[in-house]
Each structure stands twice: as structure tokens, then as C-alpha cells.
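K.L.:
Provided below: start_22.cif, containing mmCIF, C-alpha atoms.
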```cif
data_structure
#
loop_
_atom_site.group_PDB
_atom_site.id
_atom_site.type_symbol
_atom_site.label_atom_id
_atom_site.label_comp_id
_atom_site.auth_asym_id
_atom_site.auth_seq_id
_atom_site.Cartn_x
_atom_site.Cartn_y
_atom_site.Cartn_z
ATOM 1 C CA LEU A 1 137.694 278.156 162.789
ATOM 2 C CA ASN A 2 140.511 276.589 164.788
ATOM 3 C CA ILE A 3 139.526 273.032 165.768
ATOM 4 C CA VAL A 4 141.866 271.072 168.043
ATOM 5 C CA LEU A 5 141.556 267.354 168.803
ATOM 6 C CA ILE A 6 142.811 266.095 172.163
ATOM 7 C CA ASP A 7 143.092 262.431 173.128
ATOM 8 C CA SER A 8 141.038 262.043 176.324
ATOM 9 C CA ARG A 9 143.160 259.083 177.413
ATOM 10 C CA ASN A 10 146.422 261.019 177.233
ATOM 11 C CA PRO A 11 145.557 264.692 176.777
ATOM 12 C CA PHE A 12 148.920 266.304 177.353
ATOM 13 C CA GLY A 13 151.319 263.353 177.335
ATOM 14 C CA ASN A 14 154.283 264.047 179.536
ATOM 15 C CA GLY A 15 153.828 267.805 179.098
ATOM 16 C CA HIS A 16 156.759 268.123 176.709
ATOM 17 C CA LEU A 17 156.897 269.088 173.053
ATOM 18 C CA PHE A 18 157.828 266.675 170.266
ATOM 19 C CA PRO A 19 160.345 264.928 170.069
ATOM 20 C CA ARG A 20 160.699 264.745 173.865
ATOM 21 C CA GLY A 21 156.929 264.387 174.278
ATOM 22 C CA VAL A 22 153.749 264.072 172.216
ATOM 23 C CA LEU A 23 152.742 267.754 172.169
ATOM 24 C CA ARG A 24 153.126 269.635 168.876
ATOM 25 C CA GLU A 25 152.685 272.979 170.652
ATOM 26 C CA SER A 26 152.581 274.098 174.270
ATOM 27 C CA LYS A 27 149.288 273.873 176.166
ATOM 28 C CA ARG A 28 149.154 277.682 176.160
ATOM 29 C CA SER A 29 148.539 277.494 172.388
ATOM 30 C CA LEU A 30 145.078 276.096 173.134
ATOM 31 C CA ALA A 31 144.053 279.679 173.894
ATOM 32 C CA ARG A 32 143.773 280.098 170.080
ATOM 33 C CA ALA A 33 141.295 277.225 169.779
ATOM 34 C CA ASP A 34 137.696 277.929 168.852
ATOM 35 C CA VAL A 35 136.594 274.301 169.233
ATOM 36 C CA ILE A 36 138.274 271.554 171.277
ATOM 37 C CA VAL A 37 137.222 267.960 170.633
ATOM 38 C CA LEU A 38 138.031 265.421 173.337
ATOM 39 C CA THR A 39 138.458 262.214 171.355
ATOM 40 C CA LYS A 40 138.309 258.575 172.496
ATOM 41 C CA ASN A 41 135.929 259.728 175.189
ATOM 42 C CA ASN A 42 134.320 256.291 175.254
ATOM 43 C CA ARG A 43 137.564 254.957 176.742
ATOM 44 C CA ALA A 44 138.692 257.856 178.917
ATOM 45 C CA ALA A 45 139.800 256.223 182.157
ATOM 46 C CA ALA A 46 138.667 258.865 184.645
ATOM 47 C CA GLY A 47 136.213 260.813 182.522
ATOM 48 C CA THR A 48 136.863 264.248 181.123
ATOM 49 C CA GLU A 49 135.936 266.609 183.964
ATOM 50 C CA SER A 50 139.525 267.287 185.040
ATOM 51 C CA ILE A 51 140.567 267.864 181.405
ATOM 52 C CA ARG A 52 137.638 270.254 180.912
ATOM 53 C CA LYS A 53 138.630 272.230 184.019
ATOM 54 C CA GLU A 54 142.191 272.590 182.770
ATOM 55 C CA LEU A 55 141.013 273.618 179.297
ATOM 56 C CA ASN A 56 138.612 276.208 180.723
ATOM 57 C CA VAL A 57 141.544 277.870 182.499
ATOM 58 C CA ILE A 58 143.564 278.024 179.257
ATOM 59 C CA SER A 59 140.700 279.012 176.955
ATOM 60 C CA LYS A 60 137.533 280.400 178.461
ATOM 61 C CA SER A 61 135.759 280.830 175.118
ATOM 62 C CA ALA A 62 136.486 277.529 173.344
ATOM 63 C CA MET A 63 133.583 275.186 172.693
ATOM 64 C CA ILE A 64 134.420 271.749 174.129
ATOM 65 C CA LEU A 65 132.959 268.658 172.468
ATOM 66 C CA GLU A 66 133.303 264.964 173.287
ATOM 67 C CA ALA A 67 133.741 262.320 170.615
ATOM 68 C CA ALA A 68 134.449 258.618 170.222
ATOM 69 C CA HIS A 69 136.080 256.522 167.526
ATOM 70 C CA VAL A 70 133.417 253.970 166.659
ATOM 71 C CA PRO A 71 134.055 250.857 164.551
ATOM 72 C CA ILE A 72 131.560 250.621 161.681
ATOM 73 C CA HIS A 73 132.657 247.589 159.616
ATOM 74 C CA PHE A 74 135.610 245.723 158.152
ATOM 75 C CA TYR A 75 136.583 245.736 154.505
ATOM 76 C CA GLU A 76 138.838 243.535 152.455
ATOM 77 C CA GLY A 77 141.042 244.321 149.487
ATOM 78 C CA ARG A 78 141.064 247.173 147.056
ATOM 79 C CA ALA A 79 137.486 246.310 146.065
ATOM 80 C CA ARG A 80 136.548 247.093 149.679
ATOM 81 C CA SER A 81 134.174 244.163 150.059
ATOM 82 C CA VAL A 82 132.453 244.901 153.353
ATOM 83 C CA HIS A 83 132.271 242.527 156.336
ATOM 84 C CA ALA A 84 130.170 242.988 159.466
ATOM 85 C CA LEU A 85 131.899 243.689 162.756
ATOM 86 C CA SER A 86 130.791 240.238 163.892
ATOM 87 C CA ALA A 87 133.055 238.669 161.227
ATOM 88 C CA VAL A 88 135.960 238.609 163.705
ATOM 89 C CA ARG A 89 134.097 237.195 166.682
ATOM 90 C CA ALA A 90 135.980 234.162 168.099
ATOM 91 C CA LYS A 91 138.611 234.419 165.340
ATOM 92 C CA ARG A 92 142.315 234.183 166.084
ATOM 93 C CA VAL A 93 143.791 237.363 164.651
ATOM 94 C CA ILE A 94 147.110 239.093 164.193
ATOM 95 C CA LEU A 95 147.046 242.889 164.257
ATOM 96 C CA LEU A 96 149.328 245.053 162.138
ATOM 97 C CA SER A 97 149.633 248.764 162.864
ATOM 98 C CA SER A 98 151.870 251.834 162.744
ATOM 99 C CA ILE A 99 149.713 254.310 164.634
ATOM 100 C CA GLY A 100 150.086 256.626 167.605
ATOM 101 C CA ASP A 101 147.861 254.632 169.958
ATOM 102 C CA PRO A 102 148.176 250.922 169.076
ATOM 103 C CA LEU A 103 146.659 249.880 172.407
ATOM 104 C CA TYR A 104 143.379 251.628 171.532
ATOM 105 C CA PHE A 105 143.259 249.710 168.233
ATOM 106 C CA GLU A 106 143.939 246.444 170.057
ATOM 107 C CA GLU A 107 141.280 247.116 172.708
ATOM 108 C CA THR A 108 138.736 247.942 170.001
ATOM 109 C CA VAL A 109 139.372 244.674 168.130
ATOM 110 C CA ARG A 110 139.210 242.669 171.368
ATOM 111 C CA ASP A 111 135.890 244.342 172.218
ATOM 112 C CA LEU A 112 134.555 243.019 168.907
ATOM 113 C CA GLY A 113 135.188 239.490 170.163
ATOM 114 C CA ALA A 114 138.434 238.670 168.368
ATOM 115 C CA ASP A 115 141.188 236.648 170.023
ATOM 116 C CA VAL A 116 144.265 238.816 169.413
ATOM 117 C CA ILE A 117 147.190 236.400 169.440
ATOM 118 C CA GLU A 118 149.788 238.959 168.382
ATOM 119 C CA HIS A 119 150.072 242.650 167.559
ATOM 120 C CA ILE A 120 152.886 243.547 165.171
ATOM 121 C CA LYS A 121 153.540 247.224 165.848
ATOM 122 C CA PHE A 122 155.654 249.704 163.961
ATOM 123 C CA PRO A 123 156.286 253.300 165.078
ATOM 124 C CA ASP A 124 153.681 255.953 164.255
ATOM 125 C CA HIS A 125 154.050 257.317 160.678
ATOM 126 C CA HIS A 126 156.252 254.353 159.739
ATOM 127 C CA ASP A 127 157.044 254.079 156.040
ATOM 128 C CA TYR A 128 156.700 250.396 155.267
ATOM 129 C CA ARG A 129 159.428 248.770 153.220
ATOM 130 C CA LYS A 130 159.454 245.450 151.442
ATOM 131 C CA LYS A 131 161.705 244.007 154.171
ATOM 132 C CA ASP A 132 159.120 244.989 156.834
ATOM 133 C CA ILE A 133 156.418 243.037 155.057
ATOM 134 C CA GLU A 134 158.766 240.100 154.525
ATOM 135 C CA ARG A 135 159.368 240.097 158.289
ATOM 136 C CA VAL A 136 155.622 240.301 159.002
ATOM 137 C CA THR A 137 154.919 237.477 156.529
ATOM 138 C CA ALA A 138 157.642 235.305 158.091
ATOM 139 C CA ARG A 139 156.148 235.920 161.542
ATOM 140 C CA CYS A 140 152.674 235.039 160.256
ATOM 141 C CA ASN A 141 154.062 231.824 158.759
ATOM 142 C CA GLU A 142 155.069 230.774 162.292
ATOM 143 C CA ARG A 143 151.590 231.253 163.799
ATOM 144 C CA ARG A 144 148.190 229.595 163.551
ATOM 145 C CA PHE A 145 145.530 232.245 163.031
ATOM 146 C CA ASP A 146 142.466 233.086 160.945
ATOM 147 C CA LEU A 147 143.173 236.554 159.593
ATOM 148 C CA ILE A 148 145.161 239.767 159.843
ATOM 149 C CA ILE A 149 143.493 243.017 160.883
ATOM 150 C CA THR A 150 145.000 246.407 160.148
ATOM 151 C CA THR A 151 143.985 250.072 160.278
ATOM 152 C CA GLU A 152 142.794 252.327 157.469
ATOM 153 C CA LYS A 153 145.938 254.406 157.828
ATOM 154 C CA ASP A 154 148.108 251.313 157.367
ATOM 155 C CA ILE A 155 146.202 249.742 154.478
ATOM 156 C CA VAL A 156 146.509 252.974 152.485
ATOM 157 C CA LYS A 157 150.290 252.821 152.866
ATOM 158 C CA LEU A 158 150.472 249.116 152.034
ATOM 159 C CA ASN A 159 148.264 249.497 148.952
ATOM 160 C CA ARG A 160 150.160 252.550 147.720
ATOM 161 C CA LEU A 161 153.393 250.578 147.865
ATOM 162 C CA GLY A 162 151.804 247.453 146.373
ATOM 163 C CA LEU A 163 152.770 245.388 149.422
ATOM 164 C CA PHE A 164 150.905 242.199 150.285
ATOM 165 C CA ILE A 165 151.279 239.940 153.315
ATOM 166 C CA GLY A 166 151.648 236.623 151.571
ATOM 167 C CA SER A 167 148.290 235.102 150.659
ATOM 168 C CA TYR A 168 146.793 235.853 154.068
ATOM 169 C CA LYS A 169 143.343 237.375 154.395
ATOM 170 C CA VAL A 170 143.677 240.978 155.581
ATOM 171 C CA LEU A 171 140.706 242.912 156.942
ATOM 172 C CA THR A 172 140.789 246.647 157.551
ATOM 173 C CA LEU A 173 138.826 248.111 160.451
ATOM 174 C CA ALA A 174 136.836 251.152 159.340
ATOM 175 C CA ILE A 175 136.391 253.705 162.113
ATOM 176 C CA GLU A 176 134.105 256.709 162.271
ATOM 177 C CA MET A 177 134.396 259.605 164.674
ATOM 178 C CA GLN A 178 131.064 260.313 166.330
ATOM 179 C CA ILE A 179 130.421 263.418 168.389
ATOM 180 C CA LEU A 180 128.866 262.373 171.686
ATOM 181 C CA SER A 181 128.104 265.806 173.091
ATOM 182 C CA GLY A 182 127.984 269.317 171.668
ATOM 183 C CA LYS A 183 127.240 268.358 168.052
ATOM 184 C CA GLU A 184 124.360 270.827 167.718
ATOM 185 C CA ASN A 185 126.559 273.669 168.988
ATOM 186 C CA LEU A 186 129.235 272.822 166.417
ATOM 187 C CA ILE A 187 126.695 272.693 163.592
ATOM 188 C CA ASP A 188 125.323 276.088 164.658
ATOM 189 C CA ARG A 189 128.850 277.512 164.712
ATOM 190 C CA LEU A 190 129.590 276.152 161.231
ATOM 191 C CA HIS A 191 126.322 277.563 159.886
ATOM 192 C CA SER A 192 127.190 280.976 161.301
ATOM 193 C CA LEU A 193 130.497 280.859 159.397
ATOM 194 C CA TYR A 194 128.778 279.955 156.141
ATOM 195 C CA THR A 195 126.235 282.770 156.430
ATOM 196 C CA ARG A 196 128.820 285.516 157.003
#
```
Starting from the file, lay out its structure as C-alpha cells.
P.N.:
Amino acid sequence: LNIVLIDSRNPFGNGHLFPRGVLRESKRSLARADVIVLTKNNRAAAGTESIRKELNVISKSAMILEAAHVPIHFYEGRARSVHALSAVRAKRVILLSSIGDPLYFEETVRDLGADVIEHIKFPDHHDYRKKDIERVTARCNERRFDLIITTEKDIVKLNRLGLFIGSYKVLTLAIEMQILSGKENLIDRLHSLYTR
């Protein structure tokens, strides 16, 4: 079962393949897809109708689902002590990320009521080094804030390397993908695969 995820906010980038654009393959390759999931649908600027029309031209048989990345809680440290989403409301925060869509992360944290005073961004797939964290710590030392918020992707990298941002409190935002439409069709399709 070939499942393809497409960012509803920027479905085809500038139309060019990596490294000139964001596409890993040409749009024509979507003809091989069995299931297409339009992600971040909760923040798609103009809705998904135009994307759906374009996808239906490329692949008439693909099942098209809509999904959203939904924040579920924050956690702290390797022990993963859980904090409610409300824990950041009215807090002055610094964001740290090395993801493909840092603006989406920032918008999500702001929607939770945090006052984002700075977002320290590294390129997507960045391999953190000790000097990066020293630079982040030095920048944090210059600011007045309550806590640092990072992504699950970033905290895994930082923990693996044993890197800590001074003695600052760092919360990680846990996100869950939720299918908004077409979930039953996907479950039926998966069941049909299992019963073959």
C-alpha cells in the first residue's frame, strides 16, 4: 500500500525536485499512490479543493484523506514528565527547531497561548553540534524568558548527543496526526490487505 503525505499548506513547493525545490519525486509519481493524505489541513490557507482536483487528474484511483497535526501535551526531560497544553499559556518562550516547516510549529505554540519571544531555527535535518548548543545557550543567557520549547524530532537528536541547554527548562511539544476525513475508508482498506 503506497501512502503519500502532502503538506496542504505547500503541496508542491515551487514545482521543482530537491535540491532546487522540496519535491522528492515529480508530481507524476503520485499516479503510483494508493492513499494520499493531505496533512496540516487544519491550517490550509485556501482549503484543499484545488489540491484535490489536481490530484484527481494525476491519480484517479487514489483515496484522498485529510489530516491535522494536533498538539496533545508537553513533556520534560528523559523521564517524560507530562505537562498540560495550558502550561505555556502567558509564558515567555524561546523555540528551538530544525524542521521543514518551523512556521507551523511557531503558529501552533502561539495558538496555545505562549508569548514566543524568539525562534532559534536550524535547517531541516540539522545535526546539532556542541557549538550549536553553546550558541543557543549564549543567546538564551541574553534574554528574559520562562522556558524553551522544542519539537519531538529535535529533542531526540539533543538527547542522543547528550546535549543540554544550560540549566534552562525545556519542554517538548508532543504532536499527534489525526485523520479528519476518510479514516473509515483507510481502515477498511487496511483490513482488506490483512485478510488477503
K.L.:
Please provide as an NGL selection string all residues within 9 Å of Ala33 in chain A, with the sequence filter that same-chain residues fewer than 6 positions apart are discarded (counting only C-alpha atoms).
P.N.:
:A and (1-4 or 59 or 61-63)
K.L.:
Store the residues picked out above in a file with C-alpha atoms, as a PDB file, in the frame of the given file.
P.N.:
```
ATOM      1  CA  LEU A   1     137.694 278.156 162.789  1.00  0.00           C
ATOM      2  CA  ASN A   2     140.511 276.589 164.788  1.00  0.00           C
ATOM      3  CA  ILE A   3     139.526 273.032 165.768  1.00  0.00           C
ATOM      4  CA  VAL A   4     141.866 271.072 168.043  1.00  0.00           C
ATOM      5  CA  SER A  59     140.700 279.012 176.955  1.00  0.00           C
ATOM      6  CA  SER A  61     135.759 280.830 175.118  1.00  0.00           C
ATOM      7  CA  ALA A  62     136.486 277.529 173.344  1.00  0.00           C
ATOM      8  CA  MET A  63     133.583 275.186 172.693  1.00  0.00           C
TER       9      MET A  63
END
```
K.L.:
With a distance cut-off of 9 Å and all atoms listed in the file, select the neighbouring residues of Thr137 in chain A, excluding the residue or stretch itself and same-chain residues fewer than 2 positions from it, and output the selection as a PyMOL selection string.
P.N.:
chain A and resi 132-135+139-142+164-166+168
K.L.:
By how many Å are CA of Ser98 in chain A and CA of Ile155 in chain A apart?
P.N.:
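Taking CA of Ser98 in chain A and CA of Ile155 in chain A, their separation equals 10.2 Å.
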K.L.:
Could you jot down the CA of Ile149 in chain A to CA of Asn10 in chain A separation for me, Å, one decimal place?
P.N.:
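Separating CA of Ile149 in chain A from CA of Asn10 in chain A is a distance of 24.5 Å.
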K.L.:
Which residue is closest to Tyr75 in chain A? Choose from A:Lys169, A:Arg28, A:Arg196, A:Arg160 and count all atoms listed in the file.
P.N.:
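For Tyr75 in chain A, the nearest of the candidates is A:Lys169.
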K.L.:
List, as a ChimeraX atom specification, every residue that the PyMOL selection byres ((chain A and resi 106-116) around 6) selects in the file provided.
P.N.:
/A:88-94,103-105,117-118
K.L.:
Could you check which of A:Ile64, A:Leu161, A:Ile120, A:Leu180 is closest to Glu49 in chain A, using all atoms listed in the file?
P.N.:
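So, comparing all the options, the nearest one is A:Ile64.
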